[in-house]
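Q: So I've got this file, upload-v7.cif, and it contains mmCIF, C-alpha atoms and all ligand atoms:
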```cif
data_input
#
loop_
_atom_site.label_atom_id
_atom_site.label_comp_id
_atom_site.auth_asym_id
_atom_site.auth_seq_id
_atom_site.Cartn_x
_atom_site.Cartn_y
_atom_site.Cartn_z
CA MET A 636 -19.27 21.23 -2.02
CA PRO A 637 -20.18 18.63 -4.70
CA GLU A 638 -22.00 15.62 -3.27
CA GLN A 639 -19.17 13.18 -3.94
CA THR A 640 -16.68 15.43 -2.21
CA SER A 641 -18.84 15.83 0.86
CA ALA A 642 -19.42 12.06 1.13
CA VAL A 643 -15.73 11.23 1.01
CA ALA A 644 -14.95 14.18 3.29
CA ALA A 645 -17.42 12.86 5.88
CA ASN A 646 -15.93 9.36 5.63
CA LEU A 647 -12.45 10.81 5.93
CA ALA A 648 -13.38 12.72 9.08
CA ARG A 649 -14.65 9.50 10.69
CA VAL A 650 -11.58 7.56 9.59
CA ARG A 651 -9.23 10.24 10.94
CA GLU A 652 -10.97 10.05 14.28
CA ARG A 653 -10.58 6.28 14.40
CA ILE A 654 -6.91 6.58 13.43
CA ALA A 655 -6.38 9.10 16.22
CA ARG A 656 -8.03 6.83 18.81
CA ALA A 657 -6.07 3.75 17.71
CA ALA A 658 -2.82 5.72 17.74
CA GLU A 659 -3.59 7.01 21.21
CA ARG A 660 -4.24 3.48 22.52
CA ALA A 661 -0.84 2.48 21.17
CA GLY A 662 0.95 5.54 22.53
CA ARG A 663 1.69 6.73 19.01
CA ARG A 664 1.11 9.97 17.17
CA ALA A 665 -1.62 9.94 14.53
CA ASP A 666 0.61 11.87 12.15
CA GLU A 667 3.05 8.93 12.03
CA ILE A 668 0.42 7.06 10.06
CA THR A 669 0.01 7.67 6.35
CA LEU A 670 -3.39 7.07 4.86
CA VAL A 671 -3.28 5.55 1.39
CA ALA A 672 -6.68 5.88 -0.27
CA VAL A 673 -7.38 2.77 -2.33
CA SER A 674 -9.28 4.03 -5.34
CA LYS A 675 -9.38 0.82 -7.42
CA THR A 676 -12.68 0.34 -9.28
CA PHE A 677 -13.66 3.97 -8.56
CA PRO A 678 -13.61 6.55 -11.34
CA ALA A 679 -11.21 9.47 -11.70
CA GLU A 680 -13.93 11.78 -10.36
CA ALA A 681 -13.91 9.92 -7.04
CA ILE A 682 -10.15 10.33 -6.83
CA ARG A 683 -10.48 14.04 -7.47
CA ALA A 684 -13.17 14.31 -4.80
CA ALA A 685 -10.92 12.51 -2.32
CA TYR A 686 -8.03 14.78 -3.23
CA ASP A 687 -10.23 17.82 -2.70
CA ALA A 688 -11.15 16.40 0.70
CA GLY A 689 -7.46 16.38 1.64
CA LEU A 690 -6.07 12.99 0.57
CA CYS A 691 -2.89 12.90 -1.46
CA GLU A 692 -1.70 9.26 -1.46
CA PHE A 693 -3.61 6.80 -3.62
CA GLY A 694 -3.35 3.07 -4.20
CA GLU A 695 -4.41 1.28 -7.36
CA ASN A 696 -4.09 -2.43 -7.97
CA ARG A 697 -4.10 -2.67 -11.76
CA VAL A 698 -1.77 -0.94 -14.19
CA GLN A 699 -4.32 -0.85 -17.00
CA GLU A 700 -7.09 0.55 -14.85
CA PHE A 701 -4.87 3.34 -13.58
CA GLU A 702 -3.55 4.04 -17.06
CA ALA A 703 -7.11 4.73 -18.17
CA LYS A 704 -7.90 7.10 -15.30
CA GLN A 705 -4.53 8.81 -15.06
CA PRO A 706 -4.96 11.43 -17.84
CA LYS A 707 -7.99 12.82 -16.01
CA ILE A 708 -6.12 13.32 -12.75
CA ALA A 709 -2.64 14.09 -14.04
CA ASP A 710 -2.92 17.61 -12.61
CA LEU A 711 -3.20 16.38 -9.00
CA ASN A 712 -0.11 16.68 -6.85
CA ALA A 713 -0.52 13.19 -5.40
CA THR A 714 1.59 10.09 -4.78
CA TRP A 715 0.46 7.01 -6.68
CA HIS A 716 1.08 3.56 -5.26
CA LEU A 717 0.74 0.31 -7.12
CA ILE A 718 -0.57 -2.11 -4.50
CA GLY A 719 -1.63 -5.07 -6.63
CA GLN A 720 0.22 -8.02 -8.02
CA LEU A 721 2.29 -6.94 -11.01
CA GLN A 722 2.87 -9.08 -14.06
CA SER A 723 6.33 -8.59 -15.45
CA ASN A 724 5.05 -7.60 -18.89
CA LYS A 725 3.46 -4.54 -17.25
CA SER A 726 6.49 -3.58 -15.19
CA ARG A 727 7.79 -0.95 -17.62
CA ARG A 728 4.50 0.89 -17.69
CA ALA A 729 4.17 0.54 -13.91
CA ALA A 730 7.60 2.07 -13.35
CA GLN A 731 6.58 4.98 -15.53
CA LEU A 732 3.11 5.63 -14.08
CA PHE A 733 3.54 5.00 -10.37
CA ASP A 734 5.56 6.78 -7.70
CA ARG A 735 6.00 3.62 -5.66
CA VAL A 736 5.46 -0.08 -6.24
CA ASP A 737 4.27 -1.70 -3.01
CA SER A 738 3.97 -5.26 -4.29
CA VAL A 739 7.45 -6.44 -5.28
CA ASP A 740 7.52 -10.18 -4.69
CA SER A 741 10.41 -11.58 -6.74
CA LEU A 742 13.91 -10.70 -7.87
CA ALA A 743 12.87 -11.12 -11.51
CA LEU A 744 10.18 -8.48 -11.11
CA ALA A 745 12.55 -6.19 -9.20
CA GLN A 746 15.11 -6.46 -12.01
CA LYS A 747 12.51 -5.52 -14.60
CA LEU A 748 11.36 -2.55 -12.55
CA ASP A 749 14.95 -1.48 -12.02
CA SER A 750 15.77 -1.39 -15.72
CA ALA A 751 12.50 0.39 -16.48
CA ALA A 752 13.20 2.96 -13.77
CA ALA A 753 16.68 3.46 -15.25
CA GLU A 754 15.12 4.04 -18.63
CA TYR A 755 12.79 6.71 -17.22
CA GLY A 756 15.65 8.26 -15.28
CA LYS A 757 14.02 7.75 -11.92
CA ARG A 758 14.72 6.04 -8.66
CA LEU A 759 11.64 4.04 -7.78
CA PRO A 760 10.76 3.43 -4.14
CA VAL A 761 9.38 -0.06 -3.54
CA LEU A 762 7.98 -2.25 -0.80
CA ILE A 763 8.32 -6.01 -0.66
CA GLU A 764 4.99 -7.77 -0.27
CA VAL A 765 5.27 -10.67 2.14
CA HIS A 766 2.99 -13.67 2.03
CA LEU A 767 2.06 -14.44 5.60
CA GLY A 768 0.31 -17.75 5.15
CA GLY A 769 -3.36 -18.54 4.89
CA GLU A 770 -5.32 -19.45 1.79
CA ALA A 771 -6.83 -16.05 1.14
CA THR A 772 -3.70 -14.21 0.11
CA LYS A 773 -1.67 -15.74 -2.65
CA SER A 774 0.56 -12.85 -3.57
CA GLY A 775 3.81 -11.94 -1.90
CA VAL A 776 7.19 -13.50 -1.28
CA ALA A 777 7.34 -16.39 1.18
CA GLU A 778 8.64 -15.49 4.59
CA THR A 779 11.58 -17.85 4.10
CA GLU A 780 12.64 -16.01 0.95
CA LEU A 781 12.23 -12.48 2.23
CA SER A 782 15.80 -12.08 3.48
CA ALA A 783 17.36 -13.22 0.22
CA LEU A 784 15.19 -10.85 -1.81
CA ALA A 785 15.86 -7.91 0.51
CA GLU A 786 19.60 -8.61 0.35
CA ASP A 787 19.54 -8.62 -3.44
CA LEU A 788 17.70 -5.34 -3.86
CA PRO A 789 20.52 -2.91 -2.96
CA ALA A 790 22.36 -4.08 -6.10
CA LEU A 791 19.54 -2.60 -8.17
CA ALA A 792 20.55 1.04 -8.23
CA HIS A 793 17.25 2.42 -9.51
CA LEU A 794 15.10 0.85 -6.81
CA GLU A 795 14.94 1.91 -3.20
CA LEU A 796 13.54 -0.53 -0.67
CA ARG A 797 11.45 1.36 1.87
CA GLY A 798 9.73 -1.44 3.76
CA LEU A 799 7.18 -4.22 3.71
CA LEU A 800 3.52 -4.79 2.91
CA ALA A 801 1.27 -7.68 3.83
CA ILE A 802 -2.37 -8.67 3.60
CA PRO A 803 -3.37 -11.12 6.34
CA PRO A 804 -5.96 -13.78 5.53
CA TYR A 805 -9.41 -12.20 5.68
CA SER A 806 -11.42 -12.59 8.84
CA ASP A 807 -14.54 -10.78 10.07
CA ASP A 808 -12.79 -10.48 13.40
CA PRO A 809 -9.94 -7.94 13.08
CA GLU A 810 -8.27 -9.39 16.18
CA ARG A 811 -7.37 -12.43 14.12
CA ALA A 812 -5.16 -10.26 11.93
CA ARG A 813 -3.12 -9.09 14.91
CA PRO A 814 -0.55 -11.94 14.93
CA TYR A 815 0.10 -11.37 11.21
CA PHE A 816 0.64 -7.66 11.72
CA ARG A 817 2.95 -8.37 14.62
CA LYS A 818 4.83 -10.88 12.49
CA LEU A 819 5.34 -8.38 9.67
CA ARG A 820 6.74 -5.85 12.09
CA GLN A 821 9.15 -8.44 13.49
CA LEU A 822 10.26 -9.37 9.99
CA ARG A 823 10.87 -5.71 9.22
CA ASP A 824 12.82 -5.18 12.44
CA GLY A 825 14.89 -8.29 11.73
CA LEU A 826 15.75 -7.09 8.24
CA SER A 827 16.75 -3.66 9.52
CA ARG A 828 19.11 -5.27 12.00
CA ARG A 829 20.64 -7.67 9.51
CA LEU A 830 21.06 -5.17 6.71
CA GLY A 831 22.06 -2.38 9.06
CA ARG A 832 19.63 0.24 7.86
CA PRO A 833 16.06 1.27 8.61
CA PHE A 834 13.07 0.18 6.54
CA PRO A 835 10.56 2.71 7.75
CA ALA A 836 7.45 1.65 5.86
CA LEU A 837 5.09 -0.97 7.27
CA SER A 838 2.05 -0.99 5.02
CA MET A 839 -0.60 -3.02 6.77
CA GLY A 840 -4.25 -2.67 7.65
CA MET A 841 -7.33 -2.22 5.46
CA SER A 842 -10.85 -0.92 6.12
CA HIS A 843 -11.87 -3.79 8.38
CA ASP A 844 -8.70 -4.11 10.46
CA PHE A 845 -6.69 -0.88 10.31
CA GLU A 846 -7.05 -0.05 13.98
CA VAL A 847 -5.39 -3.31 14.98
CA ALA A 848 -2.66 -2.66 12.39
CA ILE A 849 -2.01 0.77 13.91
CA GLU A 850 -1.74 -0.79 17.37
CA GLU A 851 0.84 -3.18 15.92
CA GLY A 852 2.96 -0.46 14.36
CA ALA A 853 1.59 0.20 10.86
CA THR A 854 3.08 3.34 9.33
CA GLU A 855 0.71 3.18 6.36
CA ILE A 856 -2.81 1.91 6.13
CA ARG A 857 -4.61 1.23 2.87
CA LEU A 858 -8.29 2.09 2.93
CA GLY A 859 -10.78 1.68 0.12
CA THR A 860 -14.25 0.86 1.42
CA ALA A 861 -14.02 3.07 4.52
CA LEU A 862 -13.41 6.11 2.30
CA PHE A 863 -15.19 5.43 -0.97
CA GLY A 864 -17.94 3.01 0.06
CA SER A 865 -18.30 -0.57 -1.08
CA ARG A 866 -17.02 -1.73 -4.44
CA THR A 867 -20.17 -2.91 -6.12
CA ASN A 868 -18.46 -4.32 -9.20
CA VAL A 869 -16.34 -7.43 -8.77
CA ALA A 870 -13.18 -6.03 -10.36
CA GLY A 871 -11.55 -5.15 -7.05
C1 LIG B 901 -8.43 -3.38 -2.19
C2 LIG B 901 -7.21 -3.30 -1.40
C3 LIG B 901 -7.18 -2.56 -0.20
C4 LIG B 901 -8.37 -1.81 0.37
O1 LIG B 901 -9.38 -2.66 0.79
P1 LIG B 901 -10.62 -2.15 1.67
O2 LIG B 901 -11.01 -3.35 2.41
O3 LIG B 901 -11.65 -1.67 0.72
O4 LIG B 901 -10.13 -1.06 2.55
C5 LIG B 901 -5.97 -2.49 0.48
N1 LIG B 901 -4.87 -3.14 0.03
C6 LIG B 901 -4.87 -3.86 -1.09
C7 LIG B 901 -3.61 -4.52 -1.53
C8 LIG B 901 -6.03 -3.97 -1.85
O5 LIG B 901 -6.01 -4.69 -2.97
#
```
Rewrite the structure of this file - the entire thing - as structure tokens.
Ligand SMILES: *Cc1c(COP(=O)(O)O)cnc(C)c1O
A:
Amino acid sequence: MPEQTSAVAANLARVRERIARAAERAGRRADEITLVAVSKTFPAEAIRAAYDAGLCEFGENRVQEFEAKQPKIADLNATWHLIGQLQSNKSRRAAQLFDRVDSVDSLALAQKLDSAAAEYGKRLPVLIEVHLGGEATKSGVAETELSALAEDLPALAHLELRGLLAIPPYSDDPERARPYFRKLRQLRDGLSRRLGRPFPALSMGMSHDFEVAIEEGATEIRLGTALFGSRTNVAG
């Protein structure tokens, strides 16, 4: 096995064990939790190594960065998530390149993605990113505007709202993220009730706090550092 593959495979084995233990504590099944490998700042070769180790969902936070890597990994049968803030002038390209956009935070952006998806003849699954307070996270729709945005999305025929994403303010102590995770789940449950349909995806939890997120009901966790090692350049 190439060195890169064995490193990510070893990290993945440890992560899977931690997922299993957290799921067990919460009385959940580990296979309810999707692992999205966050490959931002890492080269296409690292993505291929992760894929060879068994990962097939990847998150990137910049359209241009992914655009540059994509030709080298176009043969992989993987699902590509855009997880970073999207400027509307990149929405057409994003709708073309990605399988899901996890960071929708305004109706204007949703409308752009919808018309781009129409143009490419696809129905694009999306998540709404919710801003849960705190200084550290500036992206996402305000909690007070979430309902209105979620109610407007069904009119956009080429988008399909699957759920919510949030990034709690960073803390060294993962327990401090717990109330934010709980809040996101409550927001999701409230939306499902009001709109009368399920929103299965709750994307929450990163390398430093994913176990708490799983205990609070995450269906997807987004891990970069825990799989690929630390991002030494500042781009991510
Ligand atoms: C970078 C990033 C992650 C992964 O962060 P790690 O701490 O390296 O696991 C997850 N979600 C989003 C939105 C990110 O930008």
Q: Which chains and residue numbers are within 10 Å of ligand LIG 901 (chain B), counting only C-alpha atoms and all ligand atoms, if I want them as a ChimeraX atom specification?
A: /A:671-676,694-697,717-720,737-738,764,772,774,800-802,805,838-845,856-866,870-871
Q: Tell me, in Å to one decimal, how far atom CA of Arg728 of chain A is from atom CA of Glu702 of chain A.
A: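 Interatomic distance, atom CA of Arg728 of chain A to atom CA of Glu702 of chain A: 8.7 Å.
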Q: Mind pulling up the distance from atom CA of Arg649 of chain A to atom CA of Phe701 of chain A?
A: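 We find that atom CA of Phe701 of chain A and atom CA of Arg649 of chain A lie 26.9 Å from each other.
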Q: Have a look at atom CA of Val736 of chain A and atom CA of Pro760 of chain A and let me know their distance in Å, one decimal.
A: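 Taking atom CA of Val736 of chain A as the start and atom CA of Pro760 of chain A as the end point, the length is 6.7 Å.
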Q: Considering only C-alpha atoms, return as a PDB file with C-alpha atoms, in the frame of the given file whatever protein or nucleic-acid residues lie within 6 Å of His766 of chain A, sequence-local ones (same chain, fewer than 4 positions apart) excluded.
A:
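And here is the file that came out, result.pdb:
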```
ATOM      1  CA  GLY A 775       3.810 -11.940  -1.900  1.00  0.00           C
ATOM      2  CA  VAL A 776       7.190 -13.500  -1.280  1.00  0.00           C
ATOM      3  CA  ALA A 777       7.340 -16.390   1.180  1.00  0.00           C
TER       4      ALA A 777
END
```
Q: Env of Asp734 of chain A: 9 Å cut, atoms = all atoms listed in the file, seq-sep filter 6 positions within chain, self excluded. Answer as an MDAnalysis selection string.
A: chainID A and resid 714:717 759:761
Q: Given all atoms listed in the file as the basis, pick out the residue of A:Ala688, A:Ala661, A:Leu711, A:Ala681 nearest to Leu647 of chain A.
A: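 Looking at the shortest contact to Leu647 of chain A, the residue is A:Ala688.
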Q: Nearest to Pro678 of chain A among A:Lys704, A:Arg811, A:Lys725, A:Arg817, with distances taken over only C-alpha atoms: which residue is it?
A: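 Of the candidates, the smallest distance to Pro678 of chain A is held by A:Lys704.
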Q: Pick out the closest residue to Leu732 of chain A from this set: A:Gln746, A:Asn712, A:Ser827, A:Gln705. Count all atoms listed in the file.
A: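 Closest to Leu732 of chain A, using all atoms listed in the file: A:Gln705.
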Q: Give me the residues within 12 Å of Pro637 of chain A as a ChimeraX atom specification, counting only C-alpha atoms and dropping any in the same chain fewer than 6 places off.
A: /A:643-644,680-681,683-685,687-688
Q: Of the candidates A:Ile682, A:Val847, A:Ala751, A:Leu826, which shows the shortest atom-to-atom distance to Ala783 of chain A, using all atoms listed in the file?
A: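 Counting all atoms listed in the file, the residue closest to Ala783 of chain A is A:Leu826.
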Q: Applying 7 Å and all atoms listed in the file, which residues near Asp749 of chain A remain after dropping the ones on its own chain fewer than 4 positions away? List them as a list in words.
A: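 My reading of the contact set: Ala745, Ala753, Leu791, His793 and Leu794 of chain A.
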Q: Using all atoms listed in the file, which of A:Glu659, A:Glu754, A:Asp740, A:Asp808 sits nearest Ser782 of chain A?
A: A:Asp740
Q: List as number ranges by chain the protein and nucleic acid residues near Glu846 of chain A, meaning an atom at most 7 Å away when only C-alpha atoms are counted, but skip any in the same chain fewer than 4 places from it.
A: A: 654, 657, 850
Q: Please write segment 691-779 of chain A of the preceding block to a file containing C-alpha atoms, as an mmCIF file, in the first residue's frame?
A:
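Written file, out-v8.cif:
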```cif
data_model
loop_
_atom_site.group_PDB
_atom_site.id
_atom_site.type_symbol
_atom_site.label_atom_id
_atom_site.label_comp_id
_atom_site.auth_asym_id
_atom_site.auth_seq_id
_atom_site.Cartn_x
_atom_site.Cartn_y
_atom_site.Cartn_z
ATOM 1 C CA CYS A 691 -16.472 8.110 -0.928
ATOM 2 C CA GLU A 692 -17.926 11.434 0.300
ATOM 3 C CA PHE A 693 -15.689 14.484 0.140
ATOM 4 C CA GLY A 694 -16.092 18.089 1.203
ATOM 5 C CA GLU A 695 -14.297 21.039 -0.354
ATOM 6 C CA ASN A 696 -14.757 24.639 0.658
ATOM 7 C CA ARG A 697 -13.626 26.540 -2.432
ATOM 8 C CA VAL A 698 -14.953 26.191 -5.962
ATOM 9 C CA GLN A 699 -11.683 27.218 -7.593
ATOM 10 C CA GLU A 700 -9.569 24.858 -5.540
ATOM 11 C CA PHE A 701 -11.815 21.925 -6.372
ATOM 12 C CA GLU A 702 -11.962 22.915 -10.017
ATOM 13 C CA ALA A 703 -8.179 22.598 -10.164
ATOM 14 C CA LYS A 704 -8.078 19.156 -8.533
ATOM 15 C CA GLN A 705 -11.195 17.704 -10.123
ATOM 16 C CA PRO A 706 -9.727 16.571 -13.479
ATOM 17 C CA LYS A 707 -7.266 14.348 -11.604
ATOM 18 C CA ILE A 708 -9.977 12.563 -9.653
ATOM 19 C CA ALA A 709 -12.820 12.636 -12.155
ATOM 20 C CA ASP A 710 -12.673 8.841 -12.396
ATOM 21 C CA LEU A 711 -13.605 8.322 -8.727
ATOM 22 C CA ASN A 712 -17.157 7.275 -7.990
ATOM 23 C CA ALA A 713 -17.507 9.730 -5.114
ATOM 24 C CA THR A 714 -19.977 12.346 -3.878
ATOM 25 C CA TRP A 715 -18.610 15.881 -3.792
ATOM 26 C CA HIS A 716 -19.937 18.369 -1.269
ATOM 27 C CA LEU A 717 -19.350 22.086 -1.317
ATOM 28 C CA ILE A 718 -19.109 23.010 2.358
ATOM 29 C CA GLY A 719 -17.724 26.549 2.184
ATOM 30 C CA GLN A 720 -19.332 29.909 1.733
ATOM 31 C CA LEU A 721 -20.304 30.374 -1.901
ATOM 32 C CA GLN A 722 -20.133 33.678 -3.725
ATOM 33 C CA SER A 723 -22.958 34.050 -6.171
ATOM 34 C CA ASN A 724 -20.624 34.620 -9.122
ATOM 35 C CA LYS A 725 -19.325 31.061 -8.584
ATOM 36 C CA SER A 726 -22.734 29.460 -8.201
ATOM 37 C CA ARG A 727 -23.005 28.253 -11.804
ATOM 38 C CA ARG A 728 -19.694 26.461 -11.650
ATOM 39 C CA ALA A 729 -20.546 25.082 -8.205
ATOM 40 C CA ALA A 730 -23.835 23.653 -9.465
ATOM 41 C CA GLN A 731 -21.952 21.958 -12.264
ATOM 42 C CA LEU A 732 -19.032 20.544 -10.257
ATOM 43 C CA PHE A 733 -20.614 19.488 -6.979
ATOM 44 C CA ASP A 734 -23.167 16.821 -6.123
ATOM 45 C CA ARG A 735 -24.482 18.765 -3.152
ATOM 46 C CA VAL A 736 -24.126 22.302 -1.858
ATOM 47 C CA ASP A 737 -24.121 22.253 1.949
ATOM 48 C CA SER A 738 -23.771 25.985 2.519
ATOM 49 C CA VAL A 739 -26.883 27.673 1.124
ATOM 50 C CA ASP A 740 -27.463 30.770 3.240
ATOM 51 C CA SER A 741 -29.713 33.082 1.234
ATOM 52 C CA LEU A 742 -32.620 32.994 -1.187
ATOM 53 C CA ALA A 743 -30.581 34.933 -3.761
ATOM 54 C CA LEU A 744 -27.907 32.236 -3.745
ATOM 55 C CA ALA A 745 -30.529 29.478 -3.863
ATOM 56 C CA GLN A 746 -32.136 31.108 -6.909
ATOM 57 C CA LYS A 747 -28.803 31.265 -8.711
ATOM 58 C CA LEU A 748 -28.062 27.638 -7.919
ATOM 59 C CA ASP A 749 -31.535 26.650 -9.051
ATOM 60 C CA SER A 750 -31.202 28.253 -12.463
ATOM 61 C CA ALA A 751 -27.705 26.817 -12.884
ATOM 62 C CA ALA A 752 -28.951 23.351 -11.931
ATOM 63 C CA ALA A 753 -31.767 23.756 -14.471
ATOM 64 C CA GLU A 754 -29.215 24.650 -17.106
ATOM 65 C CA TYR A 755 -27.185 21.508 -16.362
ATOM 66 C CA GLY A 756 -30.344 19.418 -16.281
ATOM 67 C CA LYS A 757 -29.853 18.291 -12.717
ATOM 68 C CA ARG A 758 -31.655 18.418 -9.432
ATOM 69 C CA LEU A 759 -29.168 19.641 -6.870
ATOM 70 C CA PRO A 760 -29.479 18.528 -3.247
ATOM 71 C CA VAL A 761 -28.661 21.301 -0.792
ATOM 72 C CA LEU A 762 -28.350 21.975 2.914
ATOM 73 C CA ILE A 763 -29.049 25.290 4.572
ATOM 74 C CA GLU A 764 -26.168 26.504 6.698
ATOM 75 C CA VAL A 765 -27.417 28.052 9.917
ATOM 76 C CA HIS A 766 -25.485 30.658 11.840
ATOM 77 C CA LEU A 767 -25.741 29.710 15.478
ATOM 78 C CA GLY A 768 -24.247 32.770 17.087
ATOM 79 C CA GLY A 769 -20.749 33.391 18.345
ATOM 80 C CA GLU A 770 -18.039 35.472 16.731
ATOM 81 C CA ALA A 771 -16.111 32.637 15.159
ATOM 82 C CA THR A 772 -18.608 31.622 12.519
ATOM 83 C CA LYS A 773 -19.843 34.326 10.230
ATOM 84 C CA SER A 774 -21.429 32.270 7.499
ATOM 85 C CA GLY A 775 -24.932 30.901 7.511
ATOM 86 C CA VAL A 776 -28.472 32.202 7.677
ATOM 87 C CA ALA A 777 -29.611 33.711 10.970
ATOM 88 C CA GLU A 778 -31.789 31.459 13.060
ATOM 89 C CA THR A 779 -34.642 33.951 12.772
#
```
